[in-house]
Amino acid sequence: MNTQAVRKAEERIVVLNAAAQTIKGIVVKMQNDTKKKKSKAQLILSSESNEWYTPPNFMSLVYQVMVVDLDPCSNAARQVVARKHYVGANNQDGLLLPWNGSIFMNPPYGGKTGIWCDKLIKEDPEESIVLIKAATDTGYFHKMAGYADCYLLRKGRIQFIPSEEQKEKWSVTDDLLIDQGKKPKTHGSTIANVVFYKGENADQFIKVFGQYGLVVDNR
Ligand SMILES: C[S@@+](CC[C@H](N)C(=O)[O-])C[C@H]1O[C@@H](n2cnc3c(N)ncnc32)[C@H](O)[C@@H]1O
């Protein structure tokens with residue numbers, strides 16, 4: 001090969017290397033964009049993201065109806081003000097332990113909601129408020145609708161609170177943490193929710209929660 005041919009071949013290699021780098025950059029950007037574009041609903045519903053918590057403004061409604069004796073599916077941060085918490089990560093499996101008194105349940109996601117609803121119905125505690133996805137096509141929704149004294153089909157979306165780990169993992173920003181009722185700036189949750197109530201304080205539940213959507217009174 002003469003010198004000119006060698007130079008041309010070298011130039012081609014440089015061009016090809018540059019093109020390869022550009023393509024690599026595009027692929028990495030596409031991967032990052034896809035990750036960022038995961039909707040909050042997808043994140044909340046994926047089994048790997050159970051660490052999304054009930055916001056305090058929602059809990060303040062719960063506390064107007066009952067003093068919570070037990071949060072059966074909790075974590076080290078114990079966000080729900082309750083007399084007792086079962087912390088799954090501390091080997092306190094809420095699905096195996098007994099449930100007594102007034103229960104507030106926002107169960108783990110990722111296809112496990114039905115198991116937690118079955119446990120609640122089996123334990124049949126004195127009083128309960130259950131916050132789950134309003135999946136009206138599921139067996140668990142209909143079981144709960146039959147079990148509860150009344151329930152709220154909530155208008156608008158609840159802005160669940162991600163754990164620090166979730167925030168980091170999914171690049172979630174604080175604009176997610178917008179007060180309930182205000183229009184979300186970005187990342188609005190696409191999950192509709194239902195709140196079930198069973199117990200002696202159904203009238204109080206309807207009074208407090210009724211202003212947030214449609215109440216169905218089963219009594
Ligand atoms: C959707 S979060 C709700 C947390 C909190 N109860 C609230 O309302 O903010 C569900 C929680 O259940 C916990 N968990 C998962 N499996 C559990 C188990 N078997 N027993 C107790 N807690 C569990 C998770 O760590 C997670 O913090």
# chains A, B, ... in the order shown; residues from 1 in each chain; ligands from 1
$ residues_near_ligand --ligand "ligand 1" --cutoff "6 Å" --atoms "only C-alpha atoms and all ligand atoms" --output "PyMOL selection string"
chain A and resi 50-54+71-75+79-80+86-88+92-95+106-108
$ write_last_selection --atoms "N, CA and C atoms" --output "short mmCIF file (atom, residue, chain, number, x, y, z; two decimals), in the first residue's frame"
data_model
loop_
_atom_site.label_atom_id
_atom_site.label_comp_id
_atom_site.auth_asym_id
_atom_site.auth_seq_id
_atom_site.Cartn_x
_atom_site.Cartn_y
_atom_site.Cartn_z
N ASN A 50 -41.69 0.38 46.17
CA ASN A 50 -42.72 0.45 47.22
C ASN A 50 -42.54 1.62 48.14
N GLU A 51 -41.38 2.26 48.05
CA GLU A 51 -41.10 3.32 49.02
C GLU A 51 -41.65 4.66 48.54
N TRP A 52 -42.94 4.72 48.39
CA TRP A 52 -43.67 5.96 48.10
C TRP A 52 -44.67 6.11 49.23
N TYR A 53 -44.66 7.27 49.87
CA TYR A 53 -45.38 7.40 51.13
C TYR A 53 -46.61 8.30 51.03
N THR A 54 -47.55 8.06 51.95
CA THR A 54 -48.78 8.85 52.00
C THR A 54 -48.44 10.27 52.45
N ASP A 71 -50.09 0.73 61.62
CA ASP A 71 -49.75 0.80 60.19
C ASP A 71 -49.09 -0.55 59.90
N PRO A 72 -49.80 -1.45 59.24
CA PRO A 72 -49.27 -2.82 59.07
C PRO A 72 -48.19 -2.94 58.00
N CYS A 73 -48.05 -1.91 57.16
CA CYS A 73 -46.99 -1.97 56.13
C CYS A 73 -46.21 -0.66 56.20
N SER A 74 -45.20 -0.71 57.03
CA SER A 74 -44.43 0.50 57.31
C SER A 74 -42.94 0.26 57.05
N ASN A 75 -42.17 1.25 57.41
CA ASN A 75 -40.71 1.21 57.17
C ASN A 75 -40.05 1.99 58.29
N GLN A 79 -43.70 7.05 58.74
CA GLN A 79 -44.34 8.33 58.39
C GLN A 79 -45.73 8.47 59.00
N VAL A 80 -46.45 7.36 59.09
CA VAL A 80 -47.81 7.41 59.62
C VAL A 80 -47.74 7.48 61.15
N TYR A 86 -45.68 -2.10 61.73
CA TYR A 86 -44.95 -3.30 61.33
C TYR A 86 -43.99 -2.89 60.22
N VAL A 87 -42.71 -3.00 60.53
CA VAL A 87 -41.68 -2.58 59.58
C VAL A 87 -41.16 -3.82 58.86
N GLY A 88 -41.59 -3.95 57.61
CA GLY A 88 -41.23 -5.15 56.85
C GLY A 88 -39.73 -5.41 56.84
N GLN A 92 -40.62 -7.67 60.47
CA GLN A 92 -41.98 -7.66 61.04
C GLN A 92 -42.93 -7.73 59.86
N ASP A 93 -43.19 -8.93 59.41
CA ASP A 93 -44.01 -9.10 58.21
C ASP A 93 -45.48 -8.85 58.54
N GLY A 94 -45.98 -7.73 58.03
CA GLY A 94 -47.37 -7.36 58.29
C GLY A 94 -48.37 -8.38 57.80
N LEU A 95 -47.96 -9.20 56.87
CA LEU A 95 -48.89 -10.21 56.35
C LEU A 95 -49.01 -11.40 57.29
N ASN A 106 -51.77 1.65 53.46
CA ASN A 106 -51.40 2.02 52.09
C ASN A 106 -50.39 0.93 51.70
N PRO A 107 -50.89 -0.15 51.10
CA PRO A 107 -50.05 -1.36 50.94
C PRO A 107 -49.00 -1.24 49.85
N PRO A 108 -48.03 -2.17 49.87
CA PRO A 108 -47.03 -2.22 48.81
C PRO A 108 -47.70 -2.41 47.44
#
$ select_by_dssp --residues "stretch 87-131 of chain A" --states "helix (DSSP H, G or I)" --output "ChimeraX atom specification"
/A:88-90,113-123
$ atom_distance --atom1 "atom CA of A:Cys117" --atom2 "atom CA of A:Lys198"
12.6 Å
$ closest_residue --among "A:Ile158, A:Met144, A:Leu131, A:Leu97" --to "A:Asp118" --atoms "only C-alpha atoms"
A:Met144
$ closest_residue --among "A:Gln4, A:Gln64, A:Ser163, A:Thr22" --to "A:Val208" --atoms "only C-alpha atoms"
A:Gln64
$ atom_distance --atom1 "atom CA of A:Thr113" --atom2 "atom CA of A:Ser60"
23.1 Å
$ atom_distance --atom1 "atom CA of A:Arg157" --atom2 "atom CA of A:Val130"
15.9 Å
$ closest_residue --among "A:Asp137, A:Phe209, A:Gly156, A:Asp217" --to "A:Leu61" --atoms "only C-alpha atoms"
A:Phe209
$ closest_residue --among "A:Trp116, A:Glu164, A:Ala135, A:Lys143" --to "A:Ile191" --atoms "only C-alpha atoms"
A:Ala135
$ decode --residues "stretch 5-156 of chain A" --atoms "C-alpha atoms" --output "CSV table (one decimal), in the first residue's frame"
chain,number,residue,atom,x,y,z
A,5,ALA,CA,-3.5,5.0,0.5
A,6,VAL,CA,-2.3,4.5,4.1
A,7,ARG,CA,-3.2,8.2,4.8
A,8,LYS,CA,-6.7,7.8,3.3
A,9,ALA,CA,-7.2,4.6,5.4
A,10,GLU,CA,-6.1,6.4,8.5
A,11,GLU,CA,-8.5,9.3,7.8
A,12,ARG,CA,-11.3,6.9,7.3
A,13,ILE,CA,-10.5,5.3,10.7
A,14,VAL,CA,-10.7,8.7,12.3
A,15,VAL,CA,-14.0,9.5,10.7
A,16,LEU,CA,-15.4,6.0,11.7
A,17,ASN,CA,-14.2,6.4,15.3
A,18,ALA,CA,-15.9,9.9,15.5
A,19,ALA,CA,-19.1,8.4,14.1
A,20,ALA,CA,-19.0,5.6,16.6
A,21,GLN,CA,-18.6,8.0,19.4
A,22,THR,CA,-21.5,10.1,18.2
A,23,ILE,CA,-23.7,7.0,17.9
A,24,LYS,CA,-22.7,5.9,21.4
A,25,GLY,CA,-23.6,9.4,22.7
A,26,ILE,CA,-27.0,9.2,21.1
A,27,VAL,CA,-27.7,5.7,22.5
A,28,VAL,CA,-26.7,6.8,26.0
A,29,LYS,CA,-28.9,9.9,25.7
A,30,MET,CA,-31.9,7.8,24.5
A,31,GLN,CA,-31.4,5.4,27.5
A,32,ASN,CA,-31.3,8.3,29.9
A,33,ASP,CA,-34.4,10.0,28.3
A,34,THR,CA,-36.3,6.7,28.5
A,35,LYS,CA,-35.5,6.4,32.2
A,36,LYS,CA,-36.5,10.0,32.9
A,37,LYS,CA,-39.7,9.6,30.9
A,38,LYS,CA,-41.0,6.7,33.1
A,39,SER,CA,-44.3,8.1,34.4
A,40,LYS,CA,-44.8,8.4,38.1
A,41,ALA,CA,-47.6,5.8,37.7
A,42,GLN,CA,-45.1,3.4,36.2
A,43,LEU,CA,-42.7,4.1,39.0
A,44,ILE,CA,-45.3,3.6,41.7
A,45,LEU,CA,-46.7,0.5,40.3
A,46,SER,CA,-43.3,-1.2,39.6
A,47,SER,CA,-42.6,-3.8,42.3
A,48,GLU,CA,-39.2,-2.3,42.9
A,49,SER,CA,-40.7,1.0,44.1
A,50,ASN,CA,-42.7,0.4,47.2
A,51,GLU,CA,-41.1,3.3,49.0
A,52,TRP,CA,-43.7,6.0,48.1
A,53,TYR,CA,-45.4,7.4,51.1
A,54,THR,CA,-48.8,8.8,52.0
A,55,PRO,CA,-48.5,12.6,52.1
A,56,PRO,CA,-49.1,14.4,55.4
A,57,ASN,CA,-52.1,16.4,54.0
A,58,PHE,CA,-53.9,13.1,53.3
A,59,MET,CA,-52.9,11.7,56.7
A,60,SER,CA,-54.4,14.8,58.4
A,61,LEU,CA,-57.8,13.7,57.0
A,62,VAL,CA,-57.3,10.2,58.4
A,63,TYR,CA,-56.5,11.6,61.9
A,64,GLN,CA,-59.7,13.5,61.8
A,65,VAL,CA,-61.6,10.2,61.5
A,66,MET,CA,-59.5,7.9,63.8
A,67,VAL,CA,-56.5,7.5,66.0
A,68,VAL,CA,-54.4,5.0,64.1
A,69,ASP,CA,-53.5,1.9,66.2
A,70,LEU,CA,-51.5,0.1,63.5
A,71,ASP,CA,-49.8,0.8,60.2
A,72,PRO,CA,-49.3,-2.8,59.1
A,73,CYS,CA,-47.0,-2.0,56.1
A,74,SER,CA,-44.4,0.5,57.3
A,75,ASN,CA,-40.7,1.2,57.2
A,76,ALA,CA,-38.0,2.6,59.4
A,77,ALA,CA,-39.2,6.2,58.9
A,78,ARG,CA,-42.7,5.4,60.2
A,79,GLN,CA,-44.3,8.3,58.4
A,80,VAL,CA,-47.8,7.4,59.6
A,81,VAL,CA,-48.5,8.5,63.2
A,82,ALA,CA,-49.6,5.3,64.8
A,83,ARG,CA,-49.4,3.4,68.1
A,84,LYS,CA,-47.7,0.5,66.3
A,85,HIS,CA,-45.9,-0.1,63.0
A,86,TYR,CA,-44.9,-3.3,61.3
A,87,VAL,CA,-41.7,-2.6,59.6
A,88,GLY,CA,-41.2,-5.2,56.8
A,89,ALA,CA,-37.5,-4.5,56.6
A,90,ASN,CA,-37.1,-5.3,60.3
A,91,ASN,CA,-38.5,-8.8,59.8
A,92,GLN,CA,-42.0,-7.7,61.0
A,93,ASP,CA,-44.0,-9.1,58.2
A,94,GLY,CA,-47.4,-7.4,58.3
A,95,LEU,CA,-48.9,-10.2,56.4
A,96,LEU,CA,-48.1,-12.7,59.1
A,97,LEU,CA,-48.7,-10.6,62.3
A,98,PRO,CA,-52.1,-9.9,63.8
A,99,TRP,CA,-54.0,-6.7,63.1
A,100,ASN,CA,-56.0,-5.1,65.9
A,101,GLY,CA,-57.8,-1.8,66.5
A,102,SER,CA,-57.8,1.0,63.9
A,103,ILE,CA,-55.7,0.3,60.9
A,104,PHE,CA,-54.4,2.6,58.2
A,105,MET,CA,-53.2,0.7,55.2
A,106,ASN,CA,-51.4,2.0,52.1
A,107,PRO,CA,-50.1,-1.4,50.9
A,108,PRO,CA,-47.0,-2.2,48.8
A,109,TYR,CA,-47.6,-2.0,45.1
A,110,GLY,CA,-46.4,-4.2,42.3
A,111,GLY,CA,-49.3,-6.7,42.1
A,112,LYS,CA,-49.4,-7.2,45.9
A,113,THR,CA,-52.5,-5.1,46.7
A,114,GLY,CA,-54.9,-8.0,46.6
A,115,ILE,CA,-52.9,-10.0,49.2
A,116,TRP,CA,-53.0,-7.1,51.6
A,117,CYS,CA,-56.7,-6.5,51.1
A,118,ASP,CA,-57.3,-10.3,51.7
A,119,LYS,CA,-55.3,-10.0,54.9
A,120,LEU,CA,-57.4,-7.0,56.1
A,121,ILE,CA,-60.7,-8.7,55.4
A,122,LYS,CA,-59.5,-11.9,57.1
A,123,GLU,CA,-58.3,-10.0,60.2
A,124,ASP,CA,-61.5,-7.8,60.1
A,125,PRO,CA,-60.1,-5.2,62.6
A,126,GLU,CA,-62.4,-2.8,64.6
A,127,GLU,CA,-61.8,0.0,62.1
A,128,SER,CA,-59.8,0.6,58.9
A,129,ILE,CA,-59.0,3.1,56.3
A,130,VAL,CA,-57.4,1.7,53.1
A,131,LEU,CA,-55.8,3.8,50.4
A,132,ILE,CA,-55.3,1.9,47.1
A,133,LYS,CA,-55.4,2.4,43.4
A,134,ALA,CA,-59.0,2.7,42.1
A,135,ALA,CA,-58.7,-0.3,39.8
A,136,THR,CA,-62.4,-1.0,39.4
A,137,ASP,CA,-61.7,-3.9,37.1
A,138,THR,CA,-59.8,-5.9,39.8
A,139,GLY,CA,-61.0,-8.6,42.2
A,140,TYR,CA,-59.5,-6.8,45.2
A,141,PHE,CA,-61.4,-3.6,44.4
A,142,HIS,CA,-64.7,-5.5,44.4
A,143,LYS,CA,-63.9,-7.4,47.5
A,144,MET,CA,-63.1,-4.2,49.3
A,145,ALA,CA,-66.2,-2.5,47.9
A,146,GLY,CA,-68.2,-5.3,49.4
A,147,TYR,CA,-66.4,-5.2,52.8
A,148,ALA,CA,-66.3,-1.5,53.4
A,149,ASP,CA,-69.1,0.6,55.0
A,150,CYS,CA,-68.3,3.4,52.6
A,151,TYR,CA,-65.6,4.6,50.2
A,152,LEU,CA,-64.4,7.7,48.4
A,153,LEU,CA,-63.6,7.7,44.7
A,154,ARG,CA,-61.2,10.5,44.8
A,155,LYS,CA,-61.3,13.4,42.4
A,156,GLY,CA,-57.8,14.6,41.4
